[in-house]
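Trainee: Contents of final_28.tsv (TSV, C-alpha atoms) are below:
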chain	number	residue	atom	x	y	z
A	1	MET	CA	0.00	0.00	0.00
A	2	THR	CA	1.44	3.39	-0.98
A	3	THR	CA	1.83	6.22	1.50
A	4	THR	CA	-0.76	8.28	-0.41
A	5	THR	CA	-3.30	5.44	-0.26
A	6	ALA	CA	-2.70	4.86	3.44
A	7	THR	CA	-3.12	8.56	4.17
A	8	SER	CA	-6.34	8.63	2.17
A	9	LEU	CA	-7.73	5.63	4.04
A	10	SER	CA	-6.75	7.15	7.37
A	11	SER	CA	-8.46	10.41	6.43
A	12	ALA	CA	-11.63	8.57	5.43
A	13	THR	CA	-11.59	6.66	8.71
A	14	ASP	CA	-11.17	9.88	10.66
A	15	ARG	CA	-14.15	11.42	8.87
A	16	ARG	CA	-16.28	8.36	9.67
A	17	GLN	CA	-15.23	8.59	13.31
A	18	GLU	CA	-16.16	12.27	13.38
A	19	ARG	CA	-19.56	11.58	11.82
A	20	TRP	CA	-20.25	8.91	14.44
A	21	LEU	CA	-19.16	11.25	17.20
A	22	ILE	CA	-21.26	14.16	15.95
A	23	ALA	CA	-24.30	11.90	15.45
A	24	LEU	CA	-24.13	10.35	18.91
A	25	VAL	CA	-23.43	13.58	20.77
A	26	SER	CA	-26.17	15.38	18.85
A	27	THR	CA	-28.62	12.58	19.67
A	28	ALA	CA	-27.79	13.02	23.35
A	29	HIS	CA	-28.42	16.76	23.01
A	30	PHE	CA	-31.78	15.99	21.35
A	31	VAL	CA	-32.71	13.89	24.38
A	32	SER	CA	-31.58	16.56	26.87
A	33	HIS	CA	-33.86	19.19	25.33
A	34	TYR	CA	-36.69	16.66	25.08
A	35	PHE	CA	-36.37	16.10	28.83
A	36	ILE	CA	-36.27	19.86	29.51
A	37	ILE	CA	-39.62	20.33	27.72
A	38	LEU	CA	-41.16	17.21	29.31
A	39	LEU	CA	-43.32	18.88	31.95
A	40	ALA	CA	-44.73	21.80	29.93
A	41	PRO	CA	-47.11	19.94	27.54
A	42	LEU	CA	-48.40	17.72	30.37
A	43	PHE	CA	-48.58	20.41	33.05
A	44	VAL	CA	-52.36	20.72	33.10
A	45	PHE	CA	-52.95	16.97	33.29
A	46	ILE	CA	-50.41	16.37	36.06
A	47	ARG	CA	-51.78	19.30	38.08
A	48	ALA	CA	-55.32	17.96	37.81
A	49	ASP	CA	-54.23	14.43	38.71
A	50	TYR	CA	-52.47	15.50	41.90
A	51	GLY	CA	-54.82	18.37	42.77
A	52	VAL	CA	-51.99	20.86	43.28
A	53	SER	CA	-51.65	24.52	42.40
A	54	TYR	CA	-49.60	25.91	39.51
A	55	THR	CA	-47.13	27.24	42.05
A	56	GLU	CA	-46.75	23.86	43.75
A	57	LEU	CA	-46.19	22.05	40.47
A	58	GLY	CA	-43.70	24.77	39.60
A	59	PHE	CA	-41.51	23.31	42.36
A	60	ALA	CA	-40.55	20.61	39.85
A	61	TYR	CA	-39.13	23.30	37.52
A	62	VAL	CA	-37.35	24.91	40.47
A	63	ALA	CA	-35.80	21.60	41.57
A	64	PHE	CA	-34.59	20.83	38.06
A	65	ASN	CA	-33.04	24.24	37.39
A	66	VAL	CA	-31.52	24.82	40.82
A	67	VAL	CA	-29.77	21.45	40.82
A	68	THR	CA	-28.49	22.02	37.28
A	69	ALA	CA	-27.26	25.53	38.08
A	70	LEU	CA	-25.44	24.41	41.23
A	71	LEU	CA	-23.86	21.21	39.94
A	72	GLN	CA	-23.17	21.74	36.24
A	73	THR	CA	-19.74	23.27	36.86
A	74	PRO	CA	-18.67	20.43	39.22
A	75	ALA	CA	-19.88	18.05	36.49
A	76	GLY	CA	-17.51	19.84	34.13
A	77	PHE	CA	-14.61	19.20	36.53
A	78	LEU	CA	-15.62	15.51	36.58
A	79	VAL	CA	-15.65	15.32	32.79
A	80	ASP	CA	-12.17	16.82	32.59
A	81	ARG	CA	-10.94	14.32	35.17
A	82	VAL	CA	-12.46	11.03	33.99
A	83	GLY	CA	-13.41	11.72	30.37
A	84	ALA	CA	-16.73	12.59	28.76
A	85	ARG	CA	-18.13	9.31	27.50
A	86	TRP	CA	-19.29	7.60	30.69
A	87	PRO	CA	-20.62	10.72	32.44
A	88	LEU	CA	-22.71	11.38	29.32
A	89	ILE	CA	-24.00	7.80	29.23
A	90	GLY	CA	-24.67	7.98	32.97
A	91	GLY	CA	-26.58	11.24	32.58
A	92	LEU	CA	-28.81	9.76	29.88
A	93	ALA	CA	-29.50	6.68	31.98
A	94	LEU	CA	-30.07	8.60	35.22
A	95	GLY	CA	-32.45	11.01	33.50
A	96	GLY	CA	-34.41	8.12	32.02
A	97	VAL	CA	-34.65	6.32	35.36
A	98	ALA	CA	-35.71	9.49	37.21
A	99	ILE	CA	-38.48	10.19	34.69
A	100	ALA	CA	-39.66	6.57	34.82
A	101	ILE	CA	-39.90	6.71	38.63
A	102	ALA	CA	-41.76	10.04	38.45
A	103	GLY	CA	-44.32	8.38	36.20
A	104	MET	CA	-44.50	5.13	38.15
A	105	VAL	CA	-44.77	6.32	41.76
A	106	ASP	CA	-48.10	7.94	42.64
A	107	SER	CA	-46.66	10.76	44.78
A	108	PHE	CA	-46.41	14.44	43.95
A	109	TRP	CA	-43.31	14.97	46.10
A	110	VAL	CA	-41.59	11.99	44.51
A	111	LEU	CA	-42.24	13.66	41.18
A	112	VAL	CA	-40.63	16.89	42.43
A	113	ALA	CA	-37.67	14.95	43.83
A	114	MET	CA	-37.21	13.05	40.57
A	115	PHE	CA	-37.13	16.30	38.64
A	116	GLY	CA	-34.31	17.29	40.96
A	117	VAL	CA	-32.55	14.04	40.02
A	118	ALA	CA	-33.25	14.79	36.36
A	119	GLY	CA	-31.61	18.16	36.95
A	120	LEU	CA	-28.53	16.32	38.21
A	121	ALA	CA	-28.55	14.19	35.06
A	122	ASN	CA	-28.88	17.35	32.98
A	123	THR	CA	-25.60	18.73	34.36
A	124	VAL	CA	-23.43	16.46	32.22
A	125	TYR	CA	-24.74	17.27	28.76
A	126	HIS	CA	-23.02	20.56	27.99
A	127	PRO	CA	-19.65	19.72	29.60
A	128	ALA	CA	-19.53	16.26	28.00
A	129	ASP	CA	-20.93	17.24	24.60
A	130	TYR	CA	-18.62	20.18	24.06
A	131	THR	CA	-15.61	18.22	25.34
A	132	LEU	CA	-16.24	15.34	22.95
A	133	LEU	CA	-16.75	17.66	19.99
A	134	SER	CA	-13.84	19.95	20.85
A	135	GLN	CA	-11.38	17.09	21.22
A	136	GLY	CA	-12.79	14.65	18.67
A	137	VAL	CA	-13.62	16.80	15.65
A	138	SER	CA	-11.04	18.51	13.45
A	139	PRO	CA	-10.93	22.33	13.70
A	140	LYS	CA	-11.98	22.59	10.06
A	141	ARG	CA	-15.27	20.76	10.69
A	142	LEU	CA	-15.87	21.93	14.26
A	143	PRO	CA	-18.14	24.90	13.34
A	144	GLN	CA	-20.54	22.57	11.51
A	145	ALA	CA	-20.33	20.08	14.39
A	146	PHE	CA	-21.31	22.76	16.90
A	147	SER	CA	-24.17	23.94	14.69
A	148	ILE	CA	-25.53	20.40	14.19
A	149	HIS	CA	-25.28	19.82	17.94
A	150	THR	CA	-27.26	22.98	18.73
A	151	PHE	CA	-29.79	22.23	15.99
A	152	ALA	CA	-30.36	18.73	17.39
A	153	GLY	CA	-31.17	20.20	20.81
A	154	MET	CA	-33.70	22.56	19.26
A	155	LEU	CA	-35.21	19.65	17.33
A	156	GLY	CA	-35.61	17.72	20.58
A	157	GLY	CA	-37.48	20.63	22.14
A	158	ALA	CA	-39.68	20.96	19.07
A	159	ALA	CA	-40.48	17.23	18.93
A	160	ALA	CA	-41.43	16.92	22.60
A	161	PRO	CA	-44.87	18.61	22.77
A	162	ALA	CA	-46.57	16.74	19.94
A	163	SER	CA	-45.10	13.34	20.80
A	164	LEU	CA	-45.80	13.68	24.52
A	165	LEU	CA	-49.40	14.74	23.89
A	166	LEU	CA	-49.84	11.81	21.51
A	167	MET	CA	-48.64	9.36	24.18
A	168	HIS	CA	-50.87	11.08	26.75
A	169	ASN	CA	-53.90	10.79	24.48
A	170	LEU	CA	-53.19	7.08	24.01
A	171	ALA	CA	-52.49	6.09	27.62
A	172	GLY	CA	-52.16	9.09	29.95
A	173	TRP	CA	-49.37	11.32	31.14
A	174	ARG	CA	-47.62	8.54	33.03
A	175	ALA	CA	-47.26	6.59	29.79
A	176	ALA	CA	-45.81	9.72	28.20
A	177	PHE	CA	-43.21	9.82	30.98
A	178	PHE	CA	-42.36	6.17	30.34
A	179	GLY	CA	-41.99	6.89	26.63
A	180	ALA	CA	-39.58	9.72	27.38
A	181	ALA	CA	-37.67	7.47	29.79
A	182	VAL	CA	-37.28	4.80	27.12
A	183	LEU	CA	-35.85	7.43	24.77
A	184	GLY	CA	-33.16	8.34	27.29
A	185	LEU	CA	-32.30	4.74	28.19
A	186	ALA	CA	-32.22	3.65	24.54
A	187	THR	CA	-29.85	6.47	23.67
A	188	ALA	CA	-27.58	5.51	26.58
A	189	ALA	CA	-27.57	1.91	25.32
A	190	LEU	CA	-26.78	3.09	21.80
A	191	MET	CA	-23.75	4.98	23.05
A	192	VAL	CA	-22.54	1.90	24.95
A	193	LEU	CA	-23.08	-0.50	22.05
A	194	ALA	CA	-22.30	1.75	19.07
A	195	PRO	CA	-20.60	-0.57	16.53
A	196	ASN	CA	-17.12	0.14	15.21
A	197	PHE	CA	-16.90	3.42	17.06
A	198	GLU	CA	-13.60	4.36	18.62
A	199	TRP	CA	-13.98	6.78	21.49
A	200	ARG	CA	-10.73	8.58	20.81
A	201	VAL	CA	-11.26	11.32	23.35
A	202	GLN	CA	-9.39	10.62	26.57
A	203	PRO	CA	-9.27	12.57	29.83
A	204	VAL	CA	-6.26	14.83	30.22
A	205	LYS	CA	-3.93	13.53	32.93
A	206	PRO	CA	-3.03	15.97	35.68
A	207	SER	CA	0.60	15.93	34.50
A	208	ASP	CA	-0.52	16.81	30.96
A	209	ALA	CA	-2.89	19.56	31.96
A	210	SER	CA	-2.21	23.24	32.43
A	211	GLN	CA	-0.57	24.64	35.52
A	212	PRO	CA	-2.85	25.48	38.49
A	213	ASP	CA	-3.21	29.11	37.39
A	214	GLN	CA	-4.67	27.89	34.09
A	215	THR	CA	-7.10	25.35	35.51
A	216	GLY	CA	-9.80	25.02	38.15
A	217	TRP	CA	-11.64	27.95	39.60
A	218	SER	CA	-8.80	30.37	38.81
A	219	LEU	CA	-9.46	29.69	35.13
A	220	LEU	CA	-13.23	29.97	35.51
A	221	LEU	CA	-12.90	33.29	37.33
A	222	SER	CA	-10.54	34.74	34.72
A	223	LEU	CA	-11.86	37.72	32.79
A	224	PRO	CA	-12.39	35.98	29.39
A	225	ILE	CA	-14.42	33.15	30.94
A	226	LEU	CA	-16.48	35.51	33.10
A	227	GLN	CA	-17.19	37.63	30.01
A	228	SER	CA	-18.30	34.48	28.20
A	229	LEU	CA	-20.60	33.60	31.11
A	230	LEU	CA	-22.13	37.09	30.97
A	231	PHE	CA	-22.56	36.71	27.20
A	232	PHE	CA	-24.50	33.46	27.72
A	233	VAL	CA	-26.63	35.04	30.45
A	234	MET	CA	-27.63	37.98	28.25
A	235	LEU	CA	-28.39	35.77	25.25
A	236	ALA	CA	-30.55	33.56	27.48
A	237	ILE	CA	-32.45	36.58	28.81
A	238	ALA	CA	-33.06	37.96	25.31
A	239	ASN	CA	-34.20	34.62	23.91
A	240	ALA	CA	-36.47	33.94	26.90
A	241	GLY	CA	-38.07	37.35	26.50
A	242	LEU	CA	-39.16	36.67	22.93
A	243	GLN	CA	-39.98	32.98	23.38
A	244	ASN	CA	-42.03	33.30	26.56
A	245	TYR	CA	-43.56	36.80	26.42
A	246	SER	CA	-43.85	37.91	22.78
A	247	VAL	CA	-47.28	36.33	22.22
A	248	ALA	CA	-48.80	38.06	25.26
A	249	ALA	CA	-46.97	41.30	24.46
A	250	PHE	CA	-48.29	41.37	20.89
A	251	GLY	CA	-51.83	40.94	22.16
A	252	ASP	CA	-51.55	43.71	24.75
A	253	LEU	CA	-49.60	46.10	22.55
A	254	PHE	CA	-51.21	45.73	19.13
A	255	GLY	CA	-54.25	43.54	19.70
A	256	THR	CA	-52.62	40.93	17.48
A	257	PRO	CA	-54.85	37.83	17.06
A	258	LEU	CA	-53.60	34.86	19.07
A	259	GLY	CA	-53.15	32.72	15.96
A	260	ALA	CA	-50.97	35.33	14.26
A	261	ALA	CA	-48.93	35.92	17.41
A	262	ASN	CA	-48.28	32.18	17.79
A	263	THR	CA	-47.38	31.94	14.10
A	264	ALA	CA	-44.84	34.70	14.65
A	265	LEU	CA	-43.36	32.76	17.57
A	266	SER	CA	-43.26	29.57	15.50
A	267	GLY	CA	-41.47	31.49	12.77
A	268	TYR	CA	-38.96	32.75	15.32
A	269	LEU	CA	-38.24	29.23	16.59
A	270	LEU	CA	-38.09	27.62	13.14
A	271	LEU	CA	-35.81	30.28	11.68
A	272	THR	CA	-33.58	30.12	14.76
A	273	ALA	CA	-32.94	26.46	13.98
A	274	ILE	CA	-32.25	27.23	10.32
A	275	GLY	CA	-30.02	30.11	11.37
A	276	VAL	CA	-27.95	27.76	13.54
A	277	LEU	CA	-27.13	25.57	10.54
A	278	THR	CA	-26.37	28.63	8.44
A	279	GLY	CA	-24.21	30.01	11.24
A	280	GLY	CA	-22.16	26.82	11.20
A	281	LEU	CA	-21.37	27.34	7.52
A	282	VAL	CA	-20.48	30.98	8.12
A	283	ALA	CA	-18.23	30.14	11.08
A	284	SER	CA	-16.39	27.49	9.03
A	285	ARG	CA	-15.34	30.14	6.52
A	286	THR	CA	-13.86	32.65	8.95
A	287	ASN	CA	-12.00	32.74	12.23
A	288	ARG	CA	-13.46	36.15	13.13
A	289	HIS	CA	-16.18	34.66	15.28
A	290	ALA	CA	-16.52	37.74	17.50
A	291	LEU	CA	-17.22	39.85	14.41
A	292	VAL	CA	-19.87	37.40	13.17
A	293	ALA	CA	-21.55	37.35	16.58
A	294	SER	CA	-21.40	41.14	16.89
A	295	ILE	CA	-22.97	41.76	13.48
A	296	GLY	CA	-25.70	39.24	14.25
A	297	LEU	CA	-26.40	40.81	17.65
A	298	ILE	CA	-26.59	44.35	16.26
A	299	ALA	CA	-28.90	43.27	13.45
A	300	ALA	CA	-31.12	41.27	15.84
A	301	SER	CA	-31.28	44.27	18.17
A	302	VAL	CA	-32.42	46.58	15.37
A	303	VAL	CA	-35.05	44.10	14.16
A	304	THR	CA	-36.42	43.46	17.65
A	305	PHE	CA	-36.61	47.17	18.40
A	306	ALA	CA	-38.51	47.75	15.14
A	307	ILE	CA	-41.01	45.01	16.02
A	308	GLY	CA	-42.09	46.81	19.17
A	309	MET	CA	-42.20	50.34	17.75
A	310	ALA	CA	-45.05	50.26	15.24
A	311	ASP	CA	-48.07	48.13	14.45
A	312	LEU	CA	-47.65	47.35	10.77
A	313	GLY	CA	-49.87	44.29	10.81
A	314	SER	CA	-49.61	40.57	11.45
A	315	ILE	CA	-47.59	39.80	8.31
A	316	PHE	CA	-44.94	42.32	9.35
A	317	ILE	CA	-44.76	40.81	12.83
A	318	ILE	CA	-44.42	37.27	11.47
A	319	LEU	CA	-41.69	38.24	9.00
A	320	MET	CA	-39.73	40.34	11.46
A	321	MET	CA	-39.92	37.74	14.25
A	322	SER	CA	-38.71	35.12	11.77
A	323	LEU	CA	-35.81	37.38	10.76
A	324	SER	CA	-34.95	37.95	14.41
A	325	GLY	CA	-34.88	34.19	14.97
A	326	PHE	CA	-32.62	33.66	11.95
A	327	LEU	CA	-30.14	36.27	13.17
A	328	THR	CA	-30.20	34.77	16.66
A	329	GLY	CA	-29.46	31.32	15.26
A	330	ILE	CA	-26.51	32.51	13.18
A	331	ILE	CA	-24.82	33.76	16.35
A	332	MET	CA	-24.84	30.42	18.19
A	333	PRO	CA	-22.01	28.45	16.50
A	334	SER	CA	-19.74	31.51	16.74
A	335	ARG	CA	-20.78	31.86	20.39
A	336	ASP	CA	-19.54	28.34	21.12
A	337	LEU	CA	-16.33	28.80	19.15
A	338	ILE	CA	-15.51	32.01	21.05
A	339	VAL	CA	-15.62	30.03	24.28
A	340	ARG	CA	-13.49	27.24	22.84
A	341	GLU	CA	-10.85	29.73	21.67
A	342	ASN	CA	-10.39	30.83	25.27
A	343	THR	CA	-10.27	27.35	26.79
A	344	PRO	CA	-6.96	25.53	27.34
A	345	PRO	CA	-6.75	21.80	26.54
A	346	GLY	CA	-8.01	19.65	29.37
A	347	SER	CA	-10.52	22.25	30.58
A	348	PHE	CA	-13.35	22.03	28.03
A	349	GLY	CA	-15.69	20.28	30.46
A	350	LYS	CA	-15.39	22.73	33.33
A	351	VAL	CA	-15.40	25.84	31.12
A	352	PHE	CA	-18.43	24.86	29.04
A	353	GLY	CA	-20.15	23.60	32.18
A	354	PHE	CA	-19.52	26.98	33.81
A	355	VAL	CA	-20.47	29.30	30.96
A	356	THR	CA	-23.60	27.35	29.98
A	357	THR	CA	-24.82	27.84	33.54
A	358	GLY	CA	-25.66	31.22	32.05
A	359	PHE	CA	-28.72	29.56	30.52
A	360	ASN	CA	-30.02	28.76	34.01
A	361	ILE	CA	-29.15	32.21	35.37
A	362	GLY	CA	-30.93	33.81	32.43
A	363	GLY	CA	-33.90	31.53	33.04
A	364	ILE	CA	-34.11	32.77	36.63
A	365	VAL	CA	-33.71	36.47	35.78
A	366	SER	CA	-35.94	36.73	32.73
A	367	PRO	CA	-39.32	35.98	34.40
A	368	LEU	CA	-38.61	38.65	37.00
A	369	VAL	CA	-37.83	41.32	34.39
A	370	PHE	CA	-40.36	40.52	31.70
A	371	GLY	CA	-43.09	39.56	34.16
A	372	TRP	CA	-42.64	42.96	35.85
A	373	LEU	CA	-42.88	44.74	32.49
A	374	MET	CA	-46.08	42.92	31.57
A	375	ASP	CA	-47.61	43.40	35.02
A	376	ASN	CA	-46.93	47.14	34.76
A	377	ASN	CA	-48.66	47.49	31.40
A	378	SER	CA	-45.44	47.91	29.42
A	379	PRO	CA	-45.55	45.25	26.69
A	380	ARG	CA	-43.45	47.49	24.40
A	381	GLY	CA	-40.79	47.31	27.08
A	382	VAL	CA	-40.37	43.58	26.36
A	383	PHE	CA	-39.04	44.31	22.87
A	384	ILE	CA	-37.04	47.37	23.96
A	385	PHE	CA	-35.37	45.41	26.76
A	386	VAL	CA	-34.55	42.46	24.47
A	387	ALA	CA	-33.06	44.86	21.92
A	388	ALA	CA	-31.03	46.62	24.62
A	389	VAL	CA	-29.67	43.36	26.03
A	390	SER	CA	-28.68	42.19	22.55
A	391	LEU	CA	-26.88	45.45	21.89
A	392	ILE	CA	-25.06	45.40	25.24
A	393	SER	CA	-23.97	41.84	24.47
A	394	VAL	CA	-21.84	43.18	21.63
A	395	VAL	CA	-19.57	44.92	24.15
A	396	THR	CA	-19.11	41.64	25.98
A	397	VAL	CA	-18.24	39.75	22.80
A	398	LEU	CA	-15.74	42.32	21.51
A	399	ALA	CA	-14.03	42.48	24.91
A	400	ILE	CA	-13.26	38.74	24.97
A	401	PRO	CA	-9.66	38.05	23.85
A	402	LYS	CA	-9.35	36.08	20.64
A	403	GLN	CA	-6.43	33.86	21.58
A	404	ARG	CA	-6.77	30.68	23.61
A	405	PRO	CA	-4.96	30.72	26.94
A	406	ALA	CA	-1.77	28.76	26.65
A	407	ALA	CA	-1.50	25.35	28.22
A	408	HIS	CA	1.70	24.75	30.16
Just give me the structure as structure tokens.
Mentor:
Amino acid sequence: MTTTTATSLSSATDRRQERWLIALVSTAHFVSHYFIILLAPLFVFIRADYGVSYTELGFAYVAFNVVTALLQTPAGFLVDRVGARWPLIGGLALGGVAIAIAGMVDSFWVLVAMFGVAGLANTVYHPADYTLLSQGVSPKRLPQAFSIHTFAGMLGGAAAPASLLLMHNLAGWRAAFFGAAVLGLATAALMVLAPNFEWRVQPVKPSDASQPDQTGWSLLLSLPILQSLLFFVMLAIANAGLQNYSVAAFGDLFGTPLGAANTALSGYLLLTAIGVLTGGLVASRTNRHALVASIGLIAASVVTFAIGMADLGSIFIILMMSLSGFLTGIIMPSRDLIVRENTPPGSFGKVFGFVTTGFNIGGIVSPLVFGWLMDNNSPRGVFIFVAAVSLISVVTVLAIPKQRPAAH
């Protein structure tokens, strides 16, 4: 066999390995978002079954998010120490078991406790996923890998409501929980039994890792990583504002029919997913990821501000919300690559675990801000605040250094 032929075969094998890795990690991300949406479509039925208030059932959300927020960074440390494969498999299995128990045991407080356990399972996804992709995919194909990963998560969230309601209509909400549990357990089994797949990503040994000033909490509390955390928080707040409050705000502000307002939201969500895939292609053709993110943020800010300023009809709202979603999606692969550029080898788990906690922080802050605006008869303020947060985010992005901290 000639050297050229051997190199070609090796390259083809590497590409197959990368495709396997991207497919499996993206499937896990699909499941994680499916689990996150699990309660929402079945909320009314579970509340009626247990005879609890909306606030009491909301404890399940609180348990899930608080546990994730507190333990996701420690999960990142674990991933960096022992590798990403088995924590990810364990998270899928633990989430499936917790959801199965929540559906099987006829106790409201067991359900709340199991959502706390599901929150623990949820902590591994971002640290493990981003570690596997960062270490197992070539830099040339990493932008597309990140975009496919993000898209798969969105697809999981989109698939959950209809499929869960279908299972509920066939056999009740407990059966829907069992169906979701099977999805998680089957995905865990797939990752254990995946044929001809070489898990090439290995944990970085302490002797191979960076010096103490480049790892651990000193790294997480460094300015670039804190700026990245703030960037994730602000993006989460902006996205939550439009996803959770735009329909009500359109009705109060312009008297927009409910069907049109929901169509606008659907357009936002659909075009966000398409924008993510487009953003992966854009990011693969440039290394100026901060510039891409900044342009997208400025454009999204302008579009969102325009949406709230004038009532130009339902078609205008639908088109502009869709455009806003597309611009938001384009940002996401560059967002992830900015974080990776500032992460030394051996620290992907803890850094991505830390910065993606911004999603949980944003989820805690956004209801307080946007709920206050709506309660004080300021629906226009929803769009103004989202636009302002997007614009301020640009400063955060441009302030993050471009180079990756050196490993020693």
Trainee: Using all atoms listed in the file, which of the listed residues (A:Ser393, A:Thr356, A:Ser284, A:Ser228) sits closest to Thr68 (chain A)?
Mentor: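 The answer is A:Thr356, which sits nearest to Thr68 (chain A).
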Trainee: So how many Å separate CA of Pro379 (chain A) and CA of Val233 (chain A), to one decimal?
Mentor: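 One can read the CA of Pro379 (chain A) to CA of Val233 (chain A) distance as 21.8 Å.
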Trainee: Give me, please, the distance in Å between CA of Asp49 (chain A) and CA of Gly363 (chain A), quoted to one decimal.
Mentor: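 Straight-line distance from CA of Asp49 (chain A) to CA of Gly363 (chain A) works out to 27.2 Å.
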Trainee: What is the distance between CA of His29 (chain A) and CA of Ala152 (chain A), in Å to one decimal?
Mentor: 6.3 Å
Trainee: Using all atoms listed in the file, pick whichever of A:Arg335, A:Arg16, A:Arg174, A:His33 has the shortest atom-to-atom distance to Met104 (chain A).
Mentor: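 Counting all atoms listed in the file, the residue closest to Met104 (chain A) is A:Arg174.
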